[in-house]
Each structure stands twice: as structure tokens, then as C-alpha cells.
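Only one structure is covered here, and it is reproduced in the block below.
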Amino acid sequence: MEENNQVIIAGVSHLQEDFDYSMNELAQLVNANNQEVAAQVRQNIDQINGKTYFGSGKVQEIKQLAQYHNVTLIIVNDELTPAQVRNLEKATQLHFLDRTELILQVFAQRAHSRQAQLQVAIAQLQYQLPRIHPSGNPLDQQRGQGGLANRGAGESQLELNRRTIRQRITKLKQELQHVEKTLTTQSTRRQNSRLPKVALVGYTNAGKSTTLNGILDLITDHDSKKVFVKDQLFATLDTSIRKITLPQQPSFLLSDTVGFVSKLPHNLIEAFKSTLAEAKNADLLVQVIDASDSQRQQMMQTTQQTLLEIGITNKPMLYAYNKSDLTPNYHGVEVAGNNIYYSALQPSSLKTLIQLICQKLFDKYQTIKVLVPFNNSQLNQYVNQLTIQSQSYNNDGTIYHLLVSPTDYSYLAAYQIN
């Protein structure tokens with residue numbers, strides 16, 4: 001691997017719960033950013049150094065380790081203040097990147113739709129705003145250190161840079177509003193369709209997209225409906241929504257949402273709130289969990305925390321333990337209450353998952369027999385959007401046997417017959 005792709009990751013353990021998990025996650029983020037971890041540095045201290053984050057001795061250790069591995073980039077497992085970054089770089093002559101900026105870089109690489117690109121760009125600029133130097137030119141910064149005579153010019157340049165970034169943020173937000181207005185119209189149509197909504201949520205790379213594609217394989221021959229899948233963090237940033245139609249069952253919408261990771265930057269959560277709206281509007285959440293990962297409990301906690309941050313509470317949820325075939329004592333798909341242990345690569349597993357989703361989603365549905373007069377075209381149109389189990393005719397109209405939701409049951413009660 002090329003020299004400039006080598007990095008050192010570093011962190012302070014006493015500041016973070018599940019520190020080993022967090023450092024392992026940071027290493028995966030580095031790999032997702034097409035880089036390789038050459039070494040790790042860990043420090044156990046009760047309180048961070050406000051000026052350099054690490055203690056002075058650890059800063060020198062980082063410098064020496066970087067020289068040994070011929071590395072110029074250090075990635076820190078926390079969000080650093082602008083002053084800490086400047087002081088660390090001055091003390092070591094190395095480049096420092098914090099966890100937040102790394103995640104933003106990964107998201108920028110993965111953003112394909114215009115909506116995702118705008119969301120990431122806004123989050124990046126909001127992150128950069130308090131961190132810009134008086135000048136983007138290092139020579140200008142050196143000249144600015146020469147005395148008070150240059151200080152005012154440096155501050156003017158700093159304000160100019162900040163004003164430029166704020167203007168750019170405003171422009172991008174306006175464009176994002178325009179893009180989201182179109183998407184909101186589409187979402188409103190989905191809301192008005194009365195189709196129940198199911199959202200796949202969970203930690204990044206747990207298998208949400210593979211699960212969706214596996215379900216699509218069972219119900220359609222069209223590969224064009226499949227979503228992008230790759231064994232990497234944040235392969236999916238855009239919400240993909242597919243209509244799932246099954247024999248003798250109501251149809252429903254199934255969405256594949258952006259994955260979560262611990263310490264997801266606040267600006268990024270804010271930027272992606274519209275993308276995550278599908279999860280917020282869902283009737284049922286299916287949390288996809290990598291059952292083969294030893295840190296799955298922490299991943300579930302990360303998912304729960306992120307859902308709380310975007311305002312999702314008290315939502316019905318199934319816990320789908322994917323990759324169970326990679327765990328000991330797996331003898332096939334198993335359901336226990338709201339938990340399912342399955343493999344997204346096994347059709348039989350996915351059939352059971354679909355059954356469980358339908359059971360949970362349609363548990364309050366009931367069969368109803370109604371008579372719709374021939375001349376009531378509006379009601380006929382309404383009924384034809386429902387799950388019709390059978391239909392026949394008599395002199396007064398069409399007789400339907402329907403599987404309906406409680407809302408539809410109330411609406412059709414006046415037309416019910418024995």
C-alpha cells in the first residue's frame with residue numbers, strides 16, 4: 001500500500017466507554033476511507049490535556065512512532081478542538097484528523113444522490129467553520145506571525161473566509177430544500193397510499209441492504225429493483241424504498257436506511273434527518289444486527305441512541321440477527337418472540353423473516369365481507385387498493401372478501417354483509 005495511505009490511530013481510554021470497541025470501529029472507518037492502520041496509540045489518563053488532548057509525553061511518543069512508520073497522518077478517536085489540532089500539529093509537524101472529520105470524509109465518498117451529496121457538504125462546512133485558519137495559505141499564516149502590523153489583515157481574511165463558508169452553507173441549504181421538496185412530494189404520495197411502512201435500521205454493514213435484496217429476489221425477477229451492496233461501512237447513504245407484494249397478503253413498503261455508527265457527528269445527524277424520515281414514519285422497524293460480531297450489544301446501543309437523537313421512540317421493532325449462520329450452534333432460522341436469528345443469504349431464512357414482518361405488521365388486520373354497489377365508482381376504486389381475497393357479483397353490486405386494517409374496517413363498516 002502507498003505510504004500516504006498509512007495512518008496511526010490514537011485515543012484516550014478513560015474518556016470513553018467501550019474504548020476497545022470504539023478503537024476497533026475507528027480502524028474500520030480508516031479502512032472505509034481507503035487507508036491502512038500502521039499502529040495504534042492509547043493513553044490512560046483521568047483528564048485530557050486542554051491544549052494538546054494527549055499528555056506531553058504521549059505527544060512525543062506519537063511523533064517518534066510516526067517517524068518509525070514513516071507516517072504523516074494521525075487520526076484521533078474523538079472530536080478535537082481547533083486549538084488542540086493546531087497545537088498537536090505544531091508540536092509534531094504531523095497532520096491530525098479527528099474522528100468526526102474522518103466520518104465526514106467517508107460519507108463524502110459514499111454520497112451518490114444529489115440529496116446525500118448536499119447533506120454531507122453542509123455538514124462538512126459546518127464542521128470547518130470554527131476550524132479555519134486566518135488564511136488557507138501557510139505562507140500567509142507565517143507572515144501573520146511576524147508582529148502586530150499583520151494581525152488585522154489576518155483577522156480580516158479570517159472573517160472573509162468565514163463569511164464565504166456561511167454563504168456557501170446558505171446556498172447549499174437552499175438547494176437541499178429544493179431537492180427535498182420533490183422528495184417530500186413523493187413521500188406524501190406514499191403516505192396517502194395507506195400502505196404500511198417498514199424500515200430496516202441498524203449499525204452500518206450489518207446486512208440491511210443484503211436483506212432487502214434477498215427479499216426482492218423472492219418476489220421479483222427484476223434486478224433493477226435491487227440496492228447497492230458492499231462489505232464496507234456506509235455502503236448505503238440513500239434511503240431505498242421498495243413495494244413488497246405477496247400473495248394473499250396486504251402490500252407494504254420496505255425501506256433500507258443509512259447505517260449508524262457510534263459518535264455519529266451531530267451535524268451529520270441533523271443533515272440526514274430528512275433521509276431518516278422514512279424510519280420515523282414507519283409503522284414497524286426491523287433492526288438488523290450482525291449476530292456474528294462480538295460487539296453486537298454495543299452496536300445495538302449505538303442504534304438505539306441514534307434513533308433517540310432523531311426523535312424515534314416507542315416504535316414497534318423486530319430484532320433481526322443476521323449472519324447467525326456464522327455463529328456456533330446455528331441449526332437454521334429461529335424465531336423467539338420479536339427476535340429472529342437468520343441469514344440474509346438463505347432464502348428459507350428470509351421467508352421466515354417476511355412471515356414475521358407480516359405477522360407483526362398485520363396482527364390487527366381482519367377479514368371483512370362487503371357489498372359495493374356498481375354505481376359507487378369511488379368506493380370501488382378504494383376497495384381495489386386493498387387486499388382482495390375473493391370477489392363475486394349479485395344484482396346489487398360486487399361482493400368482496402377483504403383483509404383490512406382497523407382504519408379501513410371502520411371506513412367500510414357501513415357496507416359490511418354477513
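Identifiers in this document derive from the order of the C-alpha cells: chains are assigned A, B, ..., residues are numbered from 1 separately in each chain, and ligands are numbered from 1 in order of occurrence.
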
Residues within 10 Å of A:Tyr342, only C-alpha atoms, excluding chain neighbours under 2 positions, as a compact mmCIF listing (two decimals) with N, CA, C and O atoms, in the first residue's frame:
# COMPACT_ATOMS: atom_id res chain seq x y z
N ALA A 291 -25.11 -10.78 14.02
CA ALA A 291 -25.06 -11.73 15.14
C ALA A 291 -23.67 -12.31 15.33
O ALA A 291 -23.33 -12.78 16.43
N ALA A 320 -33.61 -8.45 14.15
CA ALA A 320 -33.24 -9.44 13.14
C ALA A 320 -31.73 -9.70 13.21
O ALA A 320 -30.92 -8.87 12.77
N TYR A 321 -31.37 -10.83 13.79
CA TYR A 321 -29.96 -11.18 13.97
C TYR A 321 -29.44 -11.86 12.71
O TYR A 321 -29.53 -13.08 12.56
N ASN A 322 -28.90 -11.04 11.81
CA ASN A 322 -28.35 -11.54 10.55
C ASN A 322 -27.00 -12.22 10.80
O ASN A 322 -26.39 -12.03 11.84
N LYS A 323 -26.57 -13.01 9.82
CA LYS A 323 -25.28 -13.73 9.88
C LYS A 323 -25.23 -14.73 11.03
O LYS A 323 -24.15 -15.07 11.52
N SER A 324 -26.41 -15.18 11.46
CA SER A 324 -26.45 -16.18 12.53
C SER A 324 -25.83 -17.50 12.10
O SER A 324 -25.40 -18.30 12.93
N ASP A 325 -25.77 -17.71 10.77
CA ASP A 325 -25.15 -18.93 10.27
C ASP A 325 -23.64 -18.96 10.54
O ASP A 325 -23.01 -20.02 10.43
N LEU A 326 -23.08 -17.80 10.90
CA LEU A 326 -21.65 -17.73 11.21
C LEU A 326 -21.38 -17.91 12.70
O LEU A 326 -20.23 -17.80 13.14
N TYR A 330 -25.78 -22.80 15.30
CA TYR A 330 -26.86 -22.38 14.41
C TYR A 330 -27.35 -23.59 13.62
O TYR A 330 -26.58 -24.25 12.93
N HIS A 331 -28.64 -23.86 13.74
CA HIS A 331 -29.22 -25.03 13.05
C HIS A 331 -30.35 -24.62 12.12
O HIS A 331 -31.25 -25.40 11.85
N GLY A 332 -30.33 -23.40 11.67
CA GLY A 332 -31.38 -22.90 10.80
C GLY A 332 -32.11 -21.75 11.45
O GLY A 332 -31.94 -21.45 12.63
N VAL A 333 -32.96 -21.11 10.65
CA VAL A 333 -33.66 -19.92 11.13
C VAL A 333 -34.48 -20.23 12.38
O VAL A 333 -35.08 -21.30 12.50
N GLU A 334 -34.47 -19.28 13.31
CA GLU A 334 -35.19 -19.48 14.58
C GLU A 334 -35.87 -18.17 14.97
O GLU A 334 -35.29 -17.09 14.85
N VAL A 335 -37.10 -18.28 15.44
CA VAL A 335 -37.87 -17.11 15.89
C VAL A 335 -38.17 -17.28 17.38
O VAL A 335 -38.62 -18.33 17.83
N ASN A 339 -37.61 -11.61 18.19
CA ASN A 339 -36.25 -11.85 17.70
C ASN A 339 -36.27 -12.93 16.63
O ASN A 339 -36.97 -13.93 16.76
N ILE A 340 -35.46 -12.72 15.60
CA ILE A 340 -35.28 -13.76 14.58
C ILE A 340 -33.79 -13.91 14.31
O ILE A 340 -33.07 -12.92 14.17
N ALA A 344 -29.25 -13.55 5.78
CA ALA A 344 -29.81 -12.86 4.62
C ALA A 344 -29.43 -13.53 3.31
O ALA A 344 -29.97 -13.18 2.26
N LEU A 345 -28.53 -14.51 3.37
CA LEU A 345 -28.11 -15.23 2.17
C LEU A 345 -28.90 -16.53 1.98
O LEU A 345 -28.70 -17.23 0.99
N GLN A 346 -29.80 -16.84 2.92
CA GLN A 346 -30.59 -18.08 2.84
C GLN A 346 -32.05 -17.74 2.57
O GLN A 346 -32.71 -17.14 3.41
N PRO A 347 -32.58 -18.13 1.41
CA PRO A 347 -33.98 -17.83 1.08
C PRO A 347 -34.97 -18.32 2.14
O PRO A 347 -35.95 -17.64 2.44
N SER A 348 -34.71 -19.50 2.72
CA SER A 348 -35.63 -20.03 3.73
C SER A 348 -35.67 -19.10 4.95
O SER A 348 -36.73 -18.90 5.56
N SER A 349 -34.52 -18.54 5.30
CA SER A 349 -34.46 -17.59 6.41
C SER A 349 -35.29 -16.35 6.12
O SER A 349 -36.03 -15.84 6.96
N LEU A 350 -35.13 -15.87 4.89
CA LEU A 350 -35.82 -14.63 4.50
C LEU A 350 -37.33 -14.84 4.43
O LEU A 350 -38.10 -13.93 4.75
N THR A 352 -39.03 -16.76 6.38
CA THR A 352 -39.48 -16.68 7.77
C THR A 352 -39.48 -15.24 8.26
O THR A 352 -40.39 -14.82 8.99
N LEU A 353 -38.48 -14.46 7.86
CA LEU A 353 -38.43 -13.04 8.23
C LEU A 353 -39.64 -12.30 7.68
O LEU A 353 -40.28 -11.51 8.38

Which residues of stretch 56-135 of chain A have any atom within 9 Å of an atom in stretch 32-51 of chain A when counting only C-alpha atoms, and what is the closest pair of atoms for each, with the distance in Å to one decimal? Order the rows by chain and rising number and write it as CSV.
residue,atom,partner,partner_atom,distance
A:Ser56,CA,A:Asn49,CA,8.4
A:Lys58,CA,A:Gln43,CA,7.3
A:Glu61,CA,A:Val41,CA,8.5
A:Ile62,CA,A:Val41,CA,7.1
A:Leu65,CA,A:Ala39,CA,8.1
A:Ala66,CA,A:Ala39,CA,8.7
A:His69,CA,A:Ala38,CA,7.0
A:Val71,CA,A:Ala38,CA,8.0
A:Thr81,CA,A:Gly50,CA,8.8
A:Ala83,CA,A:Lys51,CA,6.8
A:Gln84,CA,A:Lys51,CA,5.3
A:Val85,CA,A:Lys51,CA,8.8
A:Asn87,CA,A:Lys51,CA,6.7
A:Leu88,CA,A:Lys51,CA,8.3
A:Leu102,CA,A:Asn33,CA,7.7
A:Ile103,CA,A:Asn33,CA,8.5
A:Gln105,CA,A:Asn33,CA,7.2
A:Val106,CA,A:Asn33,CA,5.4
A:Gln109,CA,A:Asn33,CA,8.0

Distance atom CA of A:Phe19-atom CA of A:Asn77, one decimal place? 9.4 Å

Calculated over only C-alpha atoms, which of the candidates A:Tyr341, A:Tyr365, A:Tyr319, A:Phe54 has the smallest distance to A:Gln304?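 Ranked by minimum distance to A:Gln304, first place goes to A:Tyr319.
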
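Distances from A:Gln126, A:Gln366, A:Gln174, A:Gln67 to A:Ser405 were compared using only C-alpha atoms, and the smallest one belongs to A:Gln366.
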
Quick one: residues within 8 Å of A:Lys243, only C-alpha atoms, excluding same-chain residues fewer than 4 positions away - as a tab-separated table (two decimals) with all heavy atoms, in the first residue's frame?
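Contents of the output file result.tsv:
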chain	number	residue	atom	x	y	z
A	251	SER	N	-49.95	-5.45	0.65
A	251	SER	CA	-48.62	-4.98	0.27
A	251	SER	C	-48.10	-4.02	1.33
A	251	SER	O	-48.86	-3.46	2.13
A	251	SER	CB	-48.69	-4.26	-1.08
A	251	SER	OG	-49.10	-5.13	-2.11
A	252	PHE	N	-46.79	-3.85	1.37
A	252	PHE	CA	-46.21	-2.86	2.27
A	252	PHE	C	-44.94	-2.28	1.64
A	252	PHE	O	-44.39	-2.85	0.68
A	252	PHE	CB	-45.92	-3.45	3.66
A	252	PHE	CG	-44.92	-4.59	3.68
A	252	PHE	CD1	-43.57	-4.35	3.87
A	252	PHE	CD2	-45.35	-5.90	3.53
A	252	PHE	CE1	-42.65	-5.39	3.91
A	252	PHE	CE2	-44.45	-6.96	3.56
A	252	PHE	CZ	-43.09	-6.70	3.75
A	253	LEU	N	-44.50	-1.15	2.16
A	253	LEU	CA	-43.29	-0.50	1.68
A	253	LEU	C	-42.14	-0.86	2.61
A	253	LEU	O	-42.27	-0.77	3.84
A	253	LEU	CB	-43.46	1.02	1.63
A	253	LEU	CG	-44.54	1.54	0.69
A	253	LEU	CD1	-44.68	3.06	0.82
A	253	LEU	CD2	-44.23	1.17	-0.76
A	254	LEU	N	-41.01	-1.26	2.04
A	254	LEU	CA	-39.83	-1.64	2.82
A	254	LEU	C	-38.69	-0.71	2.44
A	254	LEU	O	-38.32	-0.60	1.27
A	254	LEU	CB	-39.46	-3.10	2.54
A	254	LEU	CG	-38.26	-3.66	3.30
A	254	LEU	CD1	-38.51	-3.61	4.81
A	254	LEU	CD2	-37.97	-5.09	2.86

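Minimum distance to A:Asn376 across A:Gln157, A:Thr164, A:Thr92, A:Thr398 (counting only C-alpha atoms) occurs at A:Thr398.
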
All residues 9 Å or closer to A:Thr100, only C-alpha atoms, same chain fewer than 6 positions away omitted, as number ranges by chain: A: 77-80, 127, 263-265

Could you save those same residues with N, CA, C and O atoms as a short mmCIF file (atom, residue, chain, number, x, y, z; two decimals), in the first residue's frame?
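The result, written out as again_21.cif:
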data_model
loop_
_atom_site.label_atom_id
_atom_site.label_comp_id
_atom_site.auth_asym_id
_atom_site.auth_seq_id
_atom_site.Cartn_x
_atom_site.Cartn_y
_atom_site.Cartn_z
N ASN A 77 -9.38 9.38 18.06
CA ASN A 77 -10.69 8.77 18.29
C ASN A 77 -11.60 9.67 19.14
O ASN A 77 -12.18 9.26 20.14
N ASP A 78 -11.72 10.93 18.74
CA ASP A 78 -12.56 11.88 19.45
C ASP A 78 -12.66 13.12 18.57
O ASP A 78 -11.97 13.23 17.55
N GLU A 79 -13.53 14.05 18.94
CA GLU A 79 -13.57 15.32 18.22
C GLU A 79 -12.67 16.31 18.94
O GLU A 79 -12.87 16.60 20.13
N LEU A 80 -11.67 16.82 18.24
CA LEU A 80 -10.71 17.75 18.81
C LEU A 80 -11.17 19.19 18.61
O LEU A 80 -11.89 19.50 17.66
N TYR A 127 -18.66 21.85 10.05
CA TYR A 127 -17.53 21.37 10.85
C TYR A 127 -16.31 22.28 10.64
O TYR A 127 -15.58 22.59 11.58
N LYS A 263 -20.86 7.77 18.00
CA LYS A 263 -20.35 9.15 17.89
C LYS A 263 -20.60 9.72 16.49
O LYS A 263 -19.75 10.41 15.94
N LEU A 264 -21.74 9.39 15.91
CA LEU A 264 -22.09 9.98 14.62
C LEU A 264 -22.19 11.49 14.81
O LEU A 264 -22.92 11.96 15.69
N PRO A 265 -21.43 12.28 14.04
CA PRO A 265 -21.41 13.73 14.25
C PRO A 265 -22.80 14.35 14.24
O PRO A 265 -23.63 14.01 13.40
#

Could you jot down the atom CA of A:Phe374 to atom CA of A:Ile399 separation for me, Å, one decimal place?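 Distance reported for this atom pair: 10.2 Å.
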
Show me, as a PDB file with N, CA, C and O atoms, in the first residue's frame, the residues that have an atom within 12 Å of A:Leu195 when counting only C-alpha atoms, minus same-chain residues fewer than 6 positions from it.
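To be explicit, this is the file written out as around19.pdb:
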ATOM      1  N   SER A 187     -42.848  11.357  -0.924  1.00  0.00           N
ATOM      2  CA  SER A 187     -43.144  10.757   0.382  1.00  0.00           C
ATOM      3  C   SER A 187     -44.609  10.938   0.754  1.00  0.00           C
ATOM      4  O   SER A 187     -45.231  10.032   1.320  1.00  0.00           O
ATOM      5  N   THR A 188     -45.169  12.114   0.435  1.00  0.00           N
ATOM      6  CA  THR A 188     -46.581  12.376   0.725  1.00  0.00           C
ATOM      7  C   THR A 188     -47.475  11.411  -0.040  1.00  0.00           C
ATOM      8  O   THR A 188     -48.474  10.915   0.485  1.00  0.00           O
ATOM      9  N   ARG A 189     -47.098  11.138  -1.286  1.00  0.00           N
ATOM     10  CA  ARG A 189     -47.870  10.172  -2.079  1.00  0.00           C
ATOM     11  C   ARG A 189     -47.827   8.792  -1.422  1.00  0.00           C
ATOM     12  O   ARG A 189     -48.820   8.071  -1.396  1.00  0.00           O
ATOM     13  N   ARG A 242     -38.866   0.048  -1.491  1.00  0.00           N
ATOM     14  CA  ARG A 242     -39.421  -0.897  -2.446  1.00  0.00           C
ATOM     15  C   ARG A 242     -40.795  -1.354  -1.960  1.00  0.00           C
ATOM     16  O   ARG A 242     -41.012  -1.537  -0.754  1.00  0.00           O
ATOM     17  N   LYS A 243     -41.704  -1.566  -2.895  1.00  0.00           N
ATOM     18  CA  LYS A 243     -43.025  -2.096  -2.571  1.00  0.00           C
ATOM     19  C   LYS A 243     -42.945  -3.619  -2.556  1.00  0.00           C
ATOM     20  O   LYS A 243     -42.486  -4.240  -3.519  1.00  0.00           O
ATOM     21  N   ILE A 244     -43.371  -4.199  -1.458  1.00  0.00           N
ATOM     22  CA  ILE A 244     -43.347  -5.656  -1.295  1.00  0.00           C
ATOM     23  C   ILE A 244     -44.770  -6.179  -1.439  1.00  0.00           C
ATOM     24  O   ILE A 244     -45.655  -5.848  -0.643  1.00  0.00           O
ATOM     25  N   THR A 245     -44.980  -6.973  -2.483  1.00  0.00           N
ATOM     26  CA  THR A 245     -46.305  -7.526  -2.760  1.00  0.00           C
ATOM     27  C   THR A 245     -46.241  -9.040  -2.662  1.00  0.00           C
ATOM     28  O   THR A 245     -45.450  -9.687  -3.360  1.00  0.00           O
ATOM     29  N   GLN A 249     -51.720 -11.352   0.787  1.00  0.00           N
ATOM     30  CA  GLN A 249     -51.281 -10.511   1.894  1.00  0.00           C
ATOM     31  C   GLN A 249     -51.339  -9.052   1.453  1.00  0.00           C
ATOM     32  O   GLN A 249     -51.149  -8.750   0.262  1.00  0.00           O
ATOM     33  N   PRO A 250     -51.585  -8.125   2.382  1.00  0.00           N
ATOM     34  CA  PRO A 250     -51.502  -6.714   2.008  1.00  0.00           C
ATOM     35  C   PRO A 250     -50.073  -6.368   1.582  1.00  0.00           C
ATOM     36  O   PRO A 250     -49.103  -6.922   2.108  1.00  0.00           O
ATOM     37  N   SER A 251     -49.949  -5.454   0.654  1.00  0.00           N
ATOM     38  CA  SER A 251     -48.619  -4.977   0.267  1.00  0.00           C
ATOM     39  C   SER A 251     -48.097  -4.018   1.334  1.00  0.00           C
ATOM     40  O   SER A 251     -48.863  -3.459   2.127  1.00  0.00           O
ATOM     41  N   PHE A 252     -46.794  -3.845   1.371  1.00  0.00           N
ATOM     42  CA  PHE A 252     -46.205  -2.856   2.271  1.00  0.00           C
ATOM     43  C   PHE A 252     -44.941  -2.280   1.642  1.00  0.00           C
ATOM     44  O   PHE A 252     -44.387  -2.849   0.682  1.00  0.00           O
ATOM     45  N   LEU A 253     -44.504  -1.148   2.158  1.00  0.00           N
ATOM     46  CA  LEU A 253     -43.286  -0.502   1.679  1.00  0.00           C
ATOM     47  C   LEU A 253     -42.141  -0.860   2.614  1.00  0.00           C
ATOM     48  O   LEU A 253     -42.265  -0.772   3.842  1.00  0.00           O
ATOM     49  N   LEU A 254     -41.010  -1.263   2.045  1.00  0.00           N
ATOM     50  CA  LEU A 254     -39.833  -1.640   2.818  1.00  0.00           C
ATOM     51  C   LEU A 254     -38.690  -0.709   2.443  1.00  0.00           C
ATOM     52  O   LEU A 254     -38.325  -0.599   1.271  1.00  0.00           O
ATOM     53  N   ASN A 281     -41.316   7.640  10.063  1.00  0.00           N
ATOM     54  CA  ASN A 281     -42.714   7.479   9.635  1.00  0.00           C
ATOM     55  C   ASN A 281     -43.139   6.015   9.516  1.00  0.00           C
ATOM     56  O   ASN A 281     -44.278   5.736   9.161  1.00  0.00           O
ATOM     57  N   ALA A 282     -42.218   5.109   9.790  1.00  0.00           N
ATOM     58  CA  ALA A 282     -42.517   3.683   9.608  1.00  0.00           C
ATOM     59  C   ALA A 282     -43.499   3.182  10.664  1.00  0.00           C
ATOM     60  O   ALA A 282     -43.546   3.679  11.791  1.00  0.00           O
ATOM     61  N   ASP A 283     -44.280   2.192  10.272  1.00  0.00           N
ATOM     62  CA  ASP A 283     -45.186   1.520  11.211  1.00  0.00           C
ATOM     63  C   ASP A 283     -44.452   0.450  12.014  1.00  0.00           C
ATOM     64  O   ASP A 283     -44.869   0.085  13.107  1.00  0.00           O
ATOM     65  N   LEU A 361     -46.891  -6.748  11.442  1.00  0.00           N
ATOM     66  CA  LEU A 361     -47.457  -5.586  10.769  1.00  0.00           C
ATOM     67  C   LEU A 361     -48.969  -5.683  10.641  1.00  0.00           C
ATOM     68  O   LEU A 361     -49.686  -4.670  10.725  1.00  0.00           O
ATOM     69  N   PHE A 362     -49.470  -6.897  10.443  1.00  0.00           N
ATOM     70  CA  PHE A 362     -50.895  -7.077  10.146  1.00  0.00           C
ATOM     71  C   PHE A 362     -51.645  -7.800  11.268  1.00  0.00           C
ATOM     72  O   PHE A 362     -52.696  -8.403  11.035  1.00  0.00           O
ATOM     73  N   GLN A 385     -57.679  -0.927  -3.932  1.00  0.00           N
ATOM     74  CA  GLN A 385     -56.341  -0.677  -3.395  1.00  0.00           C
ATOM     75  C   GLN A 385     -56.049  -1.567  -2.186  1.00  0.00           C
ATOM     76  O   GLN A 385     -54.935  -1.572  -1.676  1.00  0.00           O
ATOM     77  N   LEU A 386     -57.054  -2.323  -1.750  1.00  0.00           N
ATOM     78  CA  LEU A 386     -56.906  -3.179  -0.582  1.00  0.00           C
ATOM     79  C   LEU A 386     -56.556  -4.611  -0.999  1.00  0.00           C
ATOM     80  O   LEU A 386     -56.461  -4.918  -2.188  1.00  0.00           O
ATOM     81  N   THR A 387     -56.378  -5.475  -0.010  1.00  0.00           N
ATOM     82  CA  THR A 387     -56.075  -6.882  -0.292  1.00  0.00           C
ATOM     83  C   THR A 387     -57.384  -7.639  -0.506  1.00  0.00           C
ATOM     84  O   THR A 387     -58.151  -7.877   0.433  1.00  0.00           O
ATOM     85  N   VAL A 404     -58.333  -6.246   5.856  1.00  0.00           N
ATOM     86  CA  VAL A 404     -58.252  -4.797   6.006  1.00  0.00           C
ATOM     87  C   VAL A 404     -57.663  -4.391   7.359  1.00  0.00           C
ATOM     88  O   VAL A 404     -57.717  -5.130   8.343  1.00  0.00           O
ATOM     89  N   SER A 405     -57.132  -3.177   7.378  1.00  0.00           N
ATOM     90  CA  SER A 405     -56.615  -2.575   8.607  1.00  0.00           C
ATOM     91  C   SER A 405     -57.786  -2.068   9.437  1.00  0.00           C
ATOM     92  O   SER A 405     -58.912  -1.928   8.940  1.00  0.00           O
ATOM     93  N   THR A 407     -58.395   0.920  10.328  1.00  0.00           N
ATOM     94  CA  THR A 407     -58.893   2.151   9.707  1.00  0.00           C
ATOM     95  C   THR A 407     -59.821   1.842   8.545  1.00  0.00           C
ATOM     96  O   THR A 407     -60.909   2.425   8.416  1.00  0.00           O
ATOM     97  N   ASP A 408     -59.390   0.909   7.688  1.00  0.00           N
ATOM     98  CA  ASP A 408     -60.225   0.537   6.546  1.00  0.00           C
ATOM     99  C   ASP A 408     -61.500  -0.173   7.003  1.00  0.00           C
ATOM    100  O   ASP A 408     -62.564  -0.014   6.391  1.00  0.00           O
TER     101      ASP A 408
END

Atom CA of A:Lys197 to atom CA of A:Ala279, straight-line distance in Å: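 Computing the Euclidean distance for atom CA of A:Ala279 and atom CA of A:Lys197 yields 8.6 Å.
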